[in-house]
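Reproduced below: target_5.pdb, with PDB, C-alpha atoms and all ligand atoms.
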ATOM      1  CA  MET A   1      15.394   0.680 -11.759
ATOM      2  CA  LEU A   2      12.286  -0.594  -9.981
ATOM      3  CA  ILE A   3      10.627   0.401  -6.726
ATOM      4  CA  ASP A   4       8.754  -1.784  -4.256
ATOM      5  CA  THR A   5       6.140   0.757  -3.194
ATOM      6  CA  HIS A   6       4.629  -1.369  -0.415
ATOM      7  CA  ALA A   7       6.417  -3.872   1.827
ATOM      8  CA  HIS A   8       6.161  -4.724   5.507
ATOM      9  CA  LEU A   9       9.867  -4.950   6.260
ATOM     10  CA  ASP A  10       9.174  -4.536   9.978
ATOM     11  CA  PHE A  11       7.251  -7.833  10.177
ATOM     12  CA  PRO A  12       8.942 -10.599  12.212
ATOM     13  CA  ASP A  13       9.143 -12.706   9.023
ATOM     14  CA  PHE A  14      12.172 -10.593   8.071
ATOM     15  CA  SER A  15      13.974 -10.414  11.401
ATOM     16  CA  PRO A  16      16.309 -13.365  10.707
ATOM     17  CA  ASP A  17      17.800 -11.935   7.510
ATOM     18  CA  LEU A  18      16.652  -8.365   6.840
ATOM     19  CA  PRO A  19      20.042  -7.023   5.645
ATOM     20  CA  GLN A  20      20.172  -9.863   3.093
ATOM     21  CA  VAL A  21      16.578  -9.171   2.018
ATOM     22  CA  VAL A  22      17.440  -5.524   1.357
ATOM     23  CA  ALA A  23      20.680  -6.516  -0.435
ATOM     24  CA  ARG A  24      18.876  -9.060  -2.632
ATOM     25  CA  ALA A  25      16.389  -6.393  -3.675
ATOM     26  CA  GLN A  26      19.216  -4.052  -4.689
ATOM     27  CA  ALA A  27      20.923  -6.851  -6.608
ATOM     28  CA  ALA A  28      17.650  -7.524  -8.466
ATOM     29  CA  GLY A  29      17.379  -3.850  -9.494
ATOM     30  CA  ILE A  30      14.824  -2.811  -6.860
ATOM     31  CA  GLN A  31      16.536   0.339  -5.724
ATOM     32  CA  ARG A  32      13.909   1.688  -3.328
ATOM     33  CA  ILE A  33      11.699  -0.110  -0.834
ATOM     34  CA  LEU A  34       8.813   1.662   0.880
ATOM     35  CA  SER A  35       8.221   0.023   4.235
ATOM     36  CA  ILE A  36       4.679   0.710   5.351
ATOM     37  CA  GLY A  37       3.080   0.989   8.776
ATOM     38  CA  THR A  38      -0.043  -0.720  10.050
ATOM     39  CA  ASP A  39      -0.160   0.924  13.486
ATOM     40  CA  LEU A  40       1.972   3.383  15.446
ATOM     41  CA  SER A  41       4.663   0.940  16.539
ATOM     42  CA  ALA A  42       4.952  -0.579  13.049
ATOM     43  CA  SER A  43       5.217   2.966  11.682
ATOM     44  CA  ARG A  44       8.018   3.737  14.134
ATOM     45  CA  ARG A  45       9.790   0.557  13.060
ATOM     46  CA  ALA A  46       9.440   1.590   9.409
ATOM     47  CA  VAL A  47      11.078   4.929  10.215
ATOM     48  CA  ASP A  48      13.886   3.140  12.091
ATOM     49  CA  LEU A  49      14.463   0.920   9.056
ATOM     50  CA  ALA A  50      14.595   4.013   6.830
ATOM     51  CA  ASP A  51      17.323   5.349   9.129
ATOM     52  CA  ARG A  52      19.215   2.072   8.941
ATOM     53  CA  PHE A  53      19.088   1.350   5.206
ATOM     54  CA  PRO A  54      19.719   4.027   2.546
ATOM     55  CA  SER A  55      17.360   2.313   0.069
ATOM     56  CA  VAL A  56      14.431   2.089   2.519
ATOM     57  CA  TYR A  57      11.798   4.830   2.947
ATOM     58  CA  ALA A  58       8.844   4.863   5.332
ATOM     59  CA  ILE A  59       5.069   5.246   5.084
ATOM     60  CA  ILE A  60       3.339   5.788   8.407
ATOM     61  CA  GLY A  61      -0.231   5.193   9.483
ATOM     62  CA  TRP A  62      -3.017   3.036  10.822
ATOM     63  CA  HIS A  63      -4.409   0.075   8.870
ATOM     64  CA  PRO A  64      -8.219  -0.240   9.147
ATOM     65  CA  GLY A  65      -7.755  -3.678  10.705
ATOM     66  CA  HIS A  66      -5.904  -2.161  13.663
ATOM     67  CA  VAL A  67      -8.013   0.908  14.407
ATOM     68  CA  LEU A  68      -9.526  -0.492  17.604
ATOM     69  CA  ASP A  69      -6.037  -0.149  19.137
ATOM     70  CA  ALA A  70      -5.696   3.440  17.932
ATOM     71  CA  PRO A  71      -6.015   6.499  20.168
ATOM     72  CA  GLU A  72      -9.100   8.698  19.805
ATOM     73  CA  ASN A  73      -7.042  10.960  17.556
ATOM     74  CA  VAL A  74      -4.110   9.476  15.624
ATOM     75  CA  VAL A  75      -2.984  12.847  14.258
ATOM     76  CA  PRO A  76      -0.590  14.113  16.996
ATOM     77  CA  GLU A  77       1.696  11.058  17.037
ATOM     78  CA  LEU A  78       1.648  10.678  13.252
ATOM     79  CA  THR A  79       2.391  14.397  12.829
ATOM     80  CA  GLU A  80       5.525  13.975  14.904
ATOM     81  CA  LEU A  81       6.695  10.979  12.845
ATOM     82  CA  ALA A  82       5.789  12.691   9.557
ATOM     83  CA  GLY A  83       8.525  15.247  10.202
ATOM     84  CA  HIS A  84      11.154  12.617   9.438
ATOM     85  CA  PRO A  85      12.692  13.357   6.020
ATOM     86  CA  LYS A  86      12.342   9.755   4.821
ATOM     87  CA  VAL A  87       8.596   9.551   5.552
ATOM     88  CA  VAL A  88       7.075   9.739   2.071
ATOM     89  CA  ALA A  89       3.330   9.149   2.657
ATOM     90  CA  LEU A  90       0.591   8.212   5.111
ATOM     91  CA  GLY A  91      -0.890   4.737   5.260
ATOM     92  CA  GLU A  92      -1.918   2.189   4.938
ATOM     93  CA  CYS A  93      -5.269   3.704   5.777
ATOM     94  CA  GLY A  94      -8.777   3.048   4.545
ATOM     95  CA  LEU A  95     -11.723   0.759   5.161
ATOM     96  CA  ASP A  96     -11.830  -3.033   5.441
ATOM     97  CA  PHE A  97     -15.203  -4.742   5.738
ATOM     98  CA  TYR A  98     -13.826  -8.204   4.991
ATOM     99  CA  ARG A  99     -13.440  -9.437   8.550
ATOM    100  CA  MET A 100     -16.265  -8.018  10.604
ATOM    101  CA  PRO A 101     -16.872  -8.917  14.284
ATOM    102  CA  SER A 102     -20.219 -10.592  13.449
ATOM    103  CA  ALA A 103     -18.354 -13.256  11.460
ATOM    104  CA  ASN A 104     -16.586 -14.135  14.690
ATOM    105  CA  GLY A 105     -19.302 -14.207  17.356
ATOM    106  CA  GLY A 106     -19.825 -10.429  17.472
ATOM    107  CA  THR A 107     -23.078  -8.555  17.002
ATOM    108  CA  PRO A 108     -24.246  -6.293  14.161
ATOM    109  CA  GLU A 109     -23.747  -3.428  16.636
ATOM    110  CA  ASP A 110     -20.073  -4.424  16.963
ATOM    111  CA  ASP A 111     -19.792  -4.263  13.165
ATOM    112  CA  ALA A 112     -21.367  -0.819  13.091
ATOM    113  CA  ARG A 113     -19.057   0.439  15.852
ATOM    114  CA  LEU A 114     -15.962  -0.854  14.047
ATOM    115  CA  LYS A 115     -17.057   0.842  10.829
ATOM    116  CA  VAL A 116     -17.460   4.137  12.681
ATOM    117  CA  VAL A 117     -13.930   3.873  14.090
ATOM    118  CA  GLN A 118     -12.478   2.895  10.695
ATOM    119  CA  ASP A 119     -14.175   5.885   9.132
ATOM    120  CA  ARG A 120     -12.874   8.266  11.813
ATOM    121  CA  VAL A 121      -9.256   7.051  11.693
ATOM    122  CA  PHE A 122      -9.282   7.108   7.864
ATOM    123  CA  ARG A 123     -10.545  10.716   7.826
ATOM    124  CA  GLN A 124      -7.991  11.781  10.421
ATOM    125  CA  GLN A 125      -5.210  10.483   8.180
ATOM    126  CA  LEU A 126      -6.695  12.186   5.115
ATOM    127  CA  ASP A 127      -6.880  15.447   7.088
ATOM    128  CA  LEU A 128      -3.246  15.052   8.103
ATOM    129  CA  ALA A 129      -2.304  14.319   4.501
ATOM    130  CA  ALA A 130      -4.053  17.498   3.378
ATOM    131  CA  THR A 131      -2.215  19.615   5.961
ATOM    132  CA  THR A 132       1.241  18.052   5.502
ATOM    133  CA  GLY A 133       1.098  17.731   1.714
ATOM    134  CA  LEU A 134       1.827  14.012   1.959
ATOM    135  CA  ASN A 135      -0.177  11.604  -0.189
ATOM    136  CA  VAL A 136      -1.823   8.432   1.084
ATOM    137  CA  VAL A 137      -1.694   4.690   0.535
ATOM    138  CA  ILE A 138      -5.220   3.320   0.694
ATOM    139  CA  HIS A 139      -6.235  -0.159   1.784
ATOM    140  CA  THR A 140      -9.767  -1.099   0.782
ATOM    141  CA  ARG A 141     -11.335  -4.527   1.033
ATOM    142  CA  ASP A 142     -15.012  -5.258   0.417
ATOM    143  CA  SER A 143     -15.510  -1.519   0.811
ATOM    144  CA  PHE A 144     -14.631   0.151  -2.503
ATOM    145  CA  SER A 145     -17.645   2.432  -2.848
ATOM    146  CA  GLU A 146     -17.561   3.450   0.832
ATOM    147  CA  THR A 147     -13.828   4.164   0.554
ATOM    148  CA  MET A 148     -14.376   6.311  -2.518
ATOM    149  CA  ARG A 149     -17.154   8.201  -0.751
ATOM    150  CA  VAL A 150     -14.746   9.154   2.055
ATOM    151  CA  PHE A 151     -11.751   9.844  -0.172
ATOM    152  CA  ALA A 152     -13.342  11.745  -3.074
ATOM    153  CA  PRO A 153     -13.882  15.036  -1.189
ATOM    154  CA  TYR A 154     -10.139  15.094  -0.425
ATOM    155  CA  ALA A 155      -9.014  14.308  -3.966
ATOM    156  CA  SER A 156      -8.268  17.914  -4.930
ATOM    157  CA  ARG A 157      -5.762  18.148  -2.060
ATOM    158  CA  VAL A 158      -4.546  14.575  -1.576
ATOM    159  CA  ARG A 159      -3.559  11.937  -4.096
ATOM    160  CA  ALA A 160      -3.845   8.273  -3.272
ATOM    161  CA  VAL A 161      -2.609   4.950  -4.437
ATOM    162  CA  PHE A 162      -5.165   2.174  -4.023
ATOM    163  CA  HIS A 163      -2.796  -0.593  -3.086
ATOM    164  CA  CYS A 164      -3.049  -4.287  -3.957
ATOM    165  CA  PHE A 165      -5.646  -3.364  -6.547
ATOM    166  CA  ILE A 166      -7.958  -6.184  -7.573
ATOM    167  CA  GLY A 167     -10.921  -4.068  -8.640
ATOM    168  CA  THR A 168     -12.702  -3.886 -11.967
ATOM    169  CA  PRO A 169     -11.599  -1.649 -14.865
ATOM    170  CA  GLU A 170     -14.541   0.628 -13.987
ATOM    171  CA  GLN A 171     -13.331   0.977 -10.385
ATOM    172  CA  MET A 172      -9.786   1.651 -11.633
ATOM    173  CA  ARG A 173     -11.179   4.424 -13.867
ATOM    174  CA  GLU A 174     -12.953   5.990 -10.870
ATOM    175  CA  VAL A 175      -9.626   6.124  -9.015
ATOM    176  CA  VAL A 176      -7.700   7.497 -11.997
ATOM    177  CA  ALA A 177     -10.388  10.122 -12.642
ATOM    178  CA  LEU A 178      -9.570  11.565  -9.212
ATOM    179  CA  GLY A 179      -5.889  11.928 -10.177
ATOM    180  CA  SER A 180      -4.934   8.913  -8.101
ATOM    181  CA  MET A 181      -3.235   5.631  -8.936
ATOM    182  CA  VAL A 182      -3.527   1.891  -8.431
ATOM    183  CA  SER A 183      -0.758  -0.565  -7.585
ATOM    184  CA  PHE A 184      -0.503  -4.230  -8.374
ATOM    185  CA  THR A 185       0.970  -7.088  -6.327
ATOM    186  CA  GLY A 186       2.040 -10.638  -7.158
ATOM    187  CA  ILE A 187      -1.663 -11.482  -7.494
ATOM    188  CA  ALA A 188      -1.291 -10.211 -11.081
ATOM    189  CA  THR A 189       0.910 -13.265 -11.777
ATOM    190  CA  PHE A 190      -1.525 -15.820 -10.325
ATOM    191  CA  LYS A 191      -3.076 -18.233 -12.773
ATOM    192  CA  ASN A 192      -6.584 -17.634 -11.410
ATOM    193  CA  ALA A 193      -6.320 -13.830 -11.531
ATOM    194  CA  ALA A 194      -7.227 -13.158 -15.168
ATOM    195  CA  ASN A 195      -9.653 -10.462 -13.974
ATOM    196  CA  VAL A 196      -6.785  -8.570 -12.307
ATOM    197  CA  ARG A 197      -4.777  -8.745 -15.544
ATOM    198  CA  THR A 198      -7.794  -7.379 -17.430
ATOM    199  CA  THR A 199      -7.834  -4.363 -15.110
ATOM    200  CA  LEU A 200      -4.052  -4.038 -15.379
ATOM    201  CA  GLN A 201      -4.274  -4.033 -19.155
ATOM    202  CA  ALA A 202      -6.806  -1.190 -19.024
ATOM    203  CA  THR A 203      -4.801   0.886 -16.533
ATOM    204  CA  PRO A 204      -3.051   3.928 -18.040
ATOM    205  CA  LEU A 205       0.728   3.632 -17.859
ATOM    206  CA  ASP A 206       0.967   6.883 -15.896
ATOM    207  CA  ALA A 207      -1.341   5.620 -13.130
ATOM    208  CA  LEU A 208       0.133   2.305 -12.058
ATOM    209  CA  MET A 209       2.766   1.197  -9.601
ATOM    210  CA  LEU A 210       4.310  -2.075  -8.489
ATOM    211  CA  GLU A 211       4.440  -3.484  -4.965
ATOM    212  CA  THR A 212       5.048  -6.780  -3.235
ATOM    213  CA  ASP A 213       3.007  -6.325  -0.027
ATOM    214  CA  ALA A 214       5.794  -8.570   1.339
ATOM    215  CA  PRO A 215       5.826 -10.852   3.293
ATOM    216  CA  PHE A 216       2.465 -11.664   1.629
ATOM    217  CA  LEU A 217       1.444 -12.491  -1.959
ATOM    218  CA  ALA A 218       4.706 -13.768  -3.460
ATOM    219  CA  PRO A 219       4.426 -13.768  -7.265
ATOM    220  CA  VAL A 220       4.773 -16.864  -9.396
ATOM    221  CA  PRO A 221       7.159 -18.793  -9.288
ATOM    222  CA  TYR A 222       7.475 -18.112  -5.540
ATOM    223  CA  ARG A 223       3.755 -18.262  -4.797
ATOM    224  CA  GLY A 224       3.046 -19.562  -1.282
ATOM    225  CA  ARG A 225       6.498 -18.717   0.048
ATOM    226  CA  ARG A 226       7.597 -15.670   2.003
ATOM    227  CA  CYS A 227       7.480 -12.730  -0.365
ATOM    228  CA  GLU A 228      10.348 -10.234  -0.441
ATOM    229  CA  PRO A 229      11.005  -6.977  -2.347
ATOM    230  CA  ALA A 230      13.412  -8.637  -4.831
ATOM    231  CA  TYR A 231      10.367 -10.344  -6.358
ATOM    232  CA  VAL A 232       9.181  -7.053  -7.860
ATOM    233  CA  ALA A 233      11.382  -8.211 -10.756
ATOM    234  CA  GLU A 234       9.102 -11.214 -11.462
ATOM    235  CA  LEU A 235       6.014  -9.047 -11.062
ATOM    236  CA  ALA A 236       7.427  -6.405 -13.407
ATOM    237  CA  ALA A 237       8.112  -9.010 -16.100
ATOM    238  CA  MET A 238       4.468 -10.145 -16.020
ATOM    239  CA  VAL A 239       3.128  -6.598 -15.955
ATOM    240  CA  ALA A 240       5.275  -5.590 -18.953
ATOM    241  CA  GLU A 241       3.998  -8.640 -20.835
ATOM    242  CA  VAL A 242       0.357  -7.821 -20.062
ATOM    243  CA  LYS A 243       0.899  -4.194 -21.067
ATOM    244  CA  GLY A 244       2.773  -5.235 -24.216
ATOM    245  CA  ILE A 245       5.736  -2.969 -23.476
ATOM    246  CA  SER A 246       9.425  -3.498 -22.779
ATOM    247  CA  ASP A 247      10.792  -4.068 -19.278
ATOM    248  CA  VAL A 248      12.667  -0.776 -19.555
ATOM    249  CA  GLU A 249       9.555   1.160 -20.522
ATOM    250  CA  LEU A 250       7.630  -0.353 -17.631
ATOM    251  CA  ALA A 251      10.399   0.360 -15.130
ATOM    252  CA  GLU A 252      10.701   3.971 -16.275
ATOM    253  CA  ALA A 253       6.946   4.585 -16.096
ATOM    254  CA  THR A 254       6.332   2.958 -12.712
ATOM    255  CA  THR A 255       9.386   4.618 -11.162
ATOM    256  CA  ALA A 256       8.322   8.037 -12.462
ATOM    257  CA  ASN A 257       4.819   7.414 -11.084
ATOM    258  CA  ALA A 258       6.237   6.569  -7.649
ATOM    259  CA  HIS A 259       8.275   9.779  -7.641
ATOM    260  CA  ARG A 260       5.164  11.772  -8.567
ATOM    261  CA  LEU A 261       3.038  10.206  -5.840
ATOM    262  CA  PHE A 262       5.842  10.274  -3.252
ATOM    263  CA  PRO A 263       7.743  13.522  -3.953
ATOM    264  CA  ARG A 264       9.951  13.070  -0.873
ATOM    265  CA  LEU A 265      11.354   9.854  -2.312
ATOM    266  CA  GLY A 266      15.038  10.446  -3.028
TER
HETATM  267 ZN    ZN B 301       0.158  -4.034   3.247
END
Turn this file's structure into structure tokens for me.
Ligand SMILES: [Zn+2]
Amino acid sequence: MLIDTHAHLDFPDFSPDLPQVVARAQAAGIQRILSIGTDLSASRRAVDLADRFPSVYAIIGWHPGHVLDAPENVVPELTELAGHPKVVALGECGLDFYRMPSANGGTPEDDARLKVVQDRVFRQQLDLAATTGLNVVIHTRDSFSETMRVFAPYASRVRAVFHCFIGTPEQMREVVALGSMVSFTGIATFKNAANVRTTLQATPLDALMLETDAPFLAPVPYRGRRCEPAYVAELAAMVAEVKGISDVELAEATTANAHRLFPRLG
């Protein structure tokens, strides 16, 4: 049994054939799919999908790329959604300095303002995680040290998975030292991603999870096409090879890790 710990099933890419996408995942041995929010309406859609499909669970939250649309305080609405029994975590939340306003005609002041809002919305979700006992899915891009600075003070109360991890072995060790985990996407199968495989190889077996980030980042041999949760199978095969363990061993470890990080997962 495998779990896709991070997919955007609510994206329009899946509207033509979502029931088939979910069925194909099951047929490929992916028995749970965690559909993750990027803003409030996406989070609501994830919860609706969890109601509709027994194998789908929801993660709710605000992605750092969407925080300018967020209310001053995201906690009340997320608190309400978090009461749903199939909500297993908060996210994806974090910091993303990759696309800053100044790269698109904005000013350095616009960049600074966006960073302030990202920081606030990230902390609000960490606070909510600490009070609800839910863990978090962290998105960090071009912002690893800043993200760690915000997250570390919460680490005794909240565990995180740093999703779509492409960091160095040293960065992975910083995450693991806080009792948190990293998860790998189809990038680990890309020819030009030897550095990601180096980090994967160094990652302890009890601190790693698998995800598609579908509809993005389809693994080889589907690279460039729409990604879907069934492709965790191809990713798992590569990860097992890099780790030098059997497919069964990898499946057991990553599934146990997902249940530890997401205790509400049935
Ligand atoms: Zn994502």
With the cut-off set at 7 Å and counting only C-alpha atoms and all ligand atoms, tabulate each residue of chain A with an atom at most that distance from an atom of ligand ZN 301 (chain B), showing the nearest atom pair and its distance in Å to one decimal, ordered by chain and increasing number, as a tab-separated table.
residue	atom	partner	partner_atom	distance
A:His6	CA	B:ZN301	ZN	6.4
A:Ala7	CA	B:ZN301	ZN	6.4
A:His8	CA	B:ZN301	ZN	6.5
A:Ile36	CA	B:ZN301	ZN	6.9
A:Glu92	CA	B:ZN301	ZN	6.8
A:Asp213	CA	B:ZN301	ZN	4.9
File dump, residues just selected, C-alpha atoms, as an mmCIF file, in the coordinates of the input:
data_model
loop_
_atom_site.group_PDB
_atom_site.id
_atom_site.type_symbol
_atom_site.label_atom_id
_atom_site.label_comp_id
_atom_site.auth_asym_id
_atom_site.auth_seq_id
_atom_site.Cartn_x
_atom_site.Cartn_y
_atom_site.Cartn_z
ATOM 1 C CA HIS A 6 4.629 -1.369 -0.415
ATOM 2 C CA ALA A 7 6.417 -3.872 1.827
ATOM 3 C CA HIS A 8 6.161 -4.724 5.507
ATOM 4 C CA ILE A 36 4.679 0.710 5.351
ATOM 5 C CA GLU A 92 -1.918 2.189 4.938
ATOM 6 C CA ASP A 213 3.007 -6.325 -0.027
#
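Rounded to one decimal, atom CA of Val47 of chain A and atom CA of Leu78 of chain A lie 11.5 Å from each other.
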May I ask for the distance between atom CA of Asp69 of chain A and atom CA of Pro101 of chain A, given in Å to one decimal place?
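Interatomic distance here is 14.8 Å.
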Exercise. Could you tell me which residues the PyMOL selection byres (((chain A and resi 147-162) around 10) and not hetatm) grabs in this file, written as JSON, numbers by chain?
Key: {"A": [5, 89, 90, 91, 92, 93, 94, 95, 96, 119, 120, 122, 123, 126, 127, 128, 129, 130, 131, 132, 133, 134, 135, 136, 137, 138, 139, 140, 141, 142, 143, 144, 145, 146, 163, 164, 165, 166, 167, 171, 172, 174, 175, 176, 177, 178, 179, 180, 181, 182, 183, 184, 207, 208, 209, 258, 260, 261, 262]}
Once the PyMOL selection byres (((chain A and resi 43-45) around 12) and not hetatm) has been applied to the shown file, what residues remain in the selection, as JSON, numbers by chain? {"A": [8, 9, 10, 11, 12, 15, 34, 35, 36, 37, 38, 39, 40, 41, 42, 46, 47, 48, 49, 50, 51, 52, 56, 57, 58, 59, 60, 61, 62, 63, 77, 78, 79, 80, 81, 82, 84, 86, 87, 88, 89, 90, 91, 92]}
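Reported to one decimal place, the separation of atom CA of Ile33 of chain A from atom CA of Gly224 of chain A is 21.3 Å.
Using all atoms listed in the file, the nearest neighbour of Glu211 of chain A within the list A:Leu265, A:Val232, A:Val21, A:Leu114 is A:Val232.
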Checklist entry - Near Gln20 of chain A, counting all atoms listed in the file, which residues have an atom at most 12 Å away, once you skip same-chain residues fewer than 6 positions from it, shown as a VMD selection string? => result chain A and resid 9 14 26 to 27 53 228 to 230
Could segment 63-72 of chain A be completed with all heavy atoms and written as a JSON list (two decimals), keeping the file's coordinate frame, please?
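Okay, selection.json is ready:
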[["chain", "number", "residue", "atom", "x", "y", "z"],
["A", 63, "HIS", "N", -3.63, 0.99, 9.72],
["A", 63, "HIS", "CA", -4.41, 0.08, 8.87],
["A", 63, "HIS", "C", -5.82, -0.07, 9.46],
["A", 63, "HIS", "O", -5.96, -0.13, 10.69],
["A", 63, "HIS", "CB", -3.68, -1.27, 8.88],
["A", 63, "HIS", "CG", -4.23, -2.31, 7.97],
["A", 63, "HIS", "ND1", -5.43, -2.94, 8.20],
["A", 63, "HIS", "CD2", -3.72, -2.87, 6.85],
["A", 63, "HIS", "CE1", -5.64, -3.83, 7.24],
["A", 63, "HIS", "NE2", -4.61, -3.81, 6.41],
["A", 64, "PRO", "N", -6.85, -0.13, 8.61],
["A", 64, "PRO", "CA", -8.22, -0.24, 9.15],
["A", 64, "PRO", "C", -8.43, -1.46, 10.03],
["A", 64, "PRO", "O", -9.31, -1.46, 10.90],
["A", 64, "PRO", "CB", -9.09, -0.30, 7.89],
["A", 64, "PRO", "CG", -8.18, -0.64, 6.76],
["A", 64, "PRO", "CD", -6.84, -0.09, 7.14],
["A", 65, "GLY", "N", -7.63, -2.49, 9.86],
["A", 65, "GLY", "CA", -7.76, -3.68, 10.70],
["A", 65, "GLY", "C", -7.21, -3.49, 12.11],
["A", 65, "GLY", "O", -7.39, -4.35, 12.96],
["A", 66, "HIS", "N", -6.53, -2.39, 12.35],
["A", 66, "HIS", "CA", -5.90, -2.16, 13.66],
["A", 66, "HIS", "C", -6.49, -0.97, 14.40],
["A", 66, "HIS", "O", -5.97, -0.59, 15.46],
["A", 66, "HIS", "CB", -4.40, -1.96, 13.50],
["A", 66, "HIS", "CG", -3.68, -3.18, 13.03],
["A", 66, "HIS", "ND1", -3.25, -4.17, 13.90],
["A", 66, "HIS", "CD2", -3.35, -3.60, 11.79],
["A", 66, "HIS", "CE1", -2.68, -5.13, 13.20],
["A", 66, "HIS", "NE2", -2.73, -4.83, 11.92],
["A", 67, "VAL", "N", -7.54, -0.37, 13.85],
["A", 67, "VAL", "CA", -8.01, 0.91, 14.41],
["A", 67, "VAL", "C", -8.59, 0.81, 15.82],
["A", 67, "VAL", "O", -8.64, 1.82, 16.52],
["A", 67, "VAL", "CB", -9.06, 1.58, 13.48],
["A", 67, "VAL", "CG1", -8.41, 2.03, 12.19],
["A", 67, "VAL", "CG2", -10.24, 0.65, 13.22],
["A", 68, "LEU", "N", -8.99, -0.40, 16.24],
["A", 68, "LEU", "CA", -9.53, -0.49, 17.60],
["A", 68, "LEU", "C", -8.42, -0.29, 18.65],
["A", 68, "LEU", "O", -8.71, -0.02, 19.81],
["A", 68, "LEU", "CB", -10.25, -1.83, 17.82],
["A", 68, "LEU", "CG", -11.54, -2.00, 16.99],
["A", 68, "LEU", "CD1", -12.19, -3.36, 17.28],
["A", 68, "LEU", "CD2", -12.54, -0.88, 17.28],
["A", 69, "ASP", "N", -7.16, -0.42, 18.24],
["A", 69, "ASP", "CA", -6.04, -0.15, 19.14],
["A", 69, "ASP", "C", -5.57, 1.30, 19.06],
["A", 69, "ASP", "O", -4.64, 1.69, 19.75],
["A", 69, "ASP", "CB", -4.84, -1.04, 18.78],
["A", 69, "ASP", "CG", -5.18, -2.53, 18.85],
["A", 69, "ASP", "OD1", -5.96, -2.89, 19.75],
["A", 69, "ASP", "OD2", -4.68, -3.30, 18.00],
["A", 70, "ALA", "N", -6.18, 2.07, 18.17],
["A", 70, "ALA", "CA", -5.70, 3.44, 17.93],
["A", 70, "ALA", "C", -6.23, 4.39, 19.00],
["A", 70, "ALA", "O", -7.31, 4.17, 19.56],
["A", 70, "ALA", "CB", -6.14, 3.91, 16.55],
["A", 71, "PRO", "N", -5.48, 5.47, 19.27],
["A", 71, "PRO", "CA", -6.02, 6.50, 20.17],
["A", 71, "PRO", "C", -7.20, 7.21, 19.50],
["A", 71, "PRO", "O", -7.40, 7.08, 18.29],
["A", 71, "PRO", "CB", -4.84, 7.46, 20.36],
["A", 71, "PRO", "CG", -3.97, 7.26, 19.16],
["A", 71, "PRO", "CD", -4.16, 5.83, 18.74],
["A", 72, "GLU", "N", -7.94, 7.96, 20.31],
["A", 72, "GLU", "CA", -9.10, 8.70, 19.80],
["A", 72, "GLU", "C", -8.72, 9.55, 18.59],
["A", 72, "GLU", "O", -9.46, 9.64, 17.63],
["A", 72, "GLU", "CB", -9.63, 9.59, 20.94],
["A", 72, "GLU", "CG", -10.89, 10.35, 20.64],
["A", 72, "GLU", "CD", -12.13, 9.45, 20.54],
["A", 72, "GLU", "OE1", -12.13, 8.36, 21.15],
["A", 72, "GLU", "OE2", -13.08, 9.85, 19.84]]
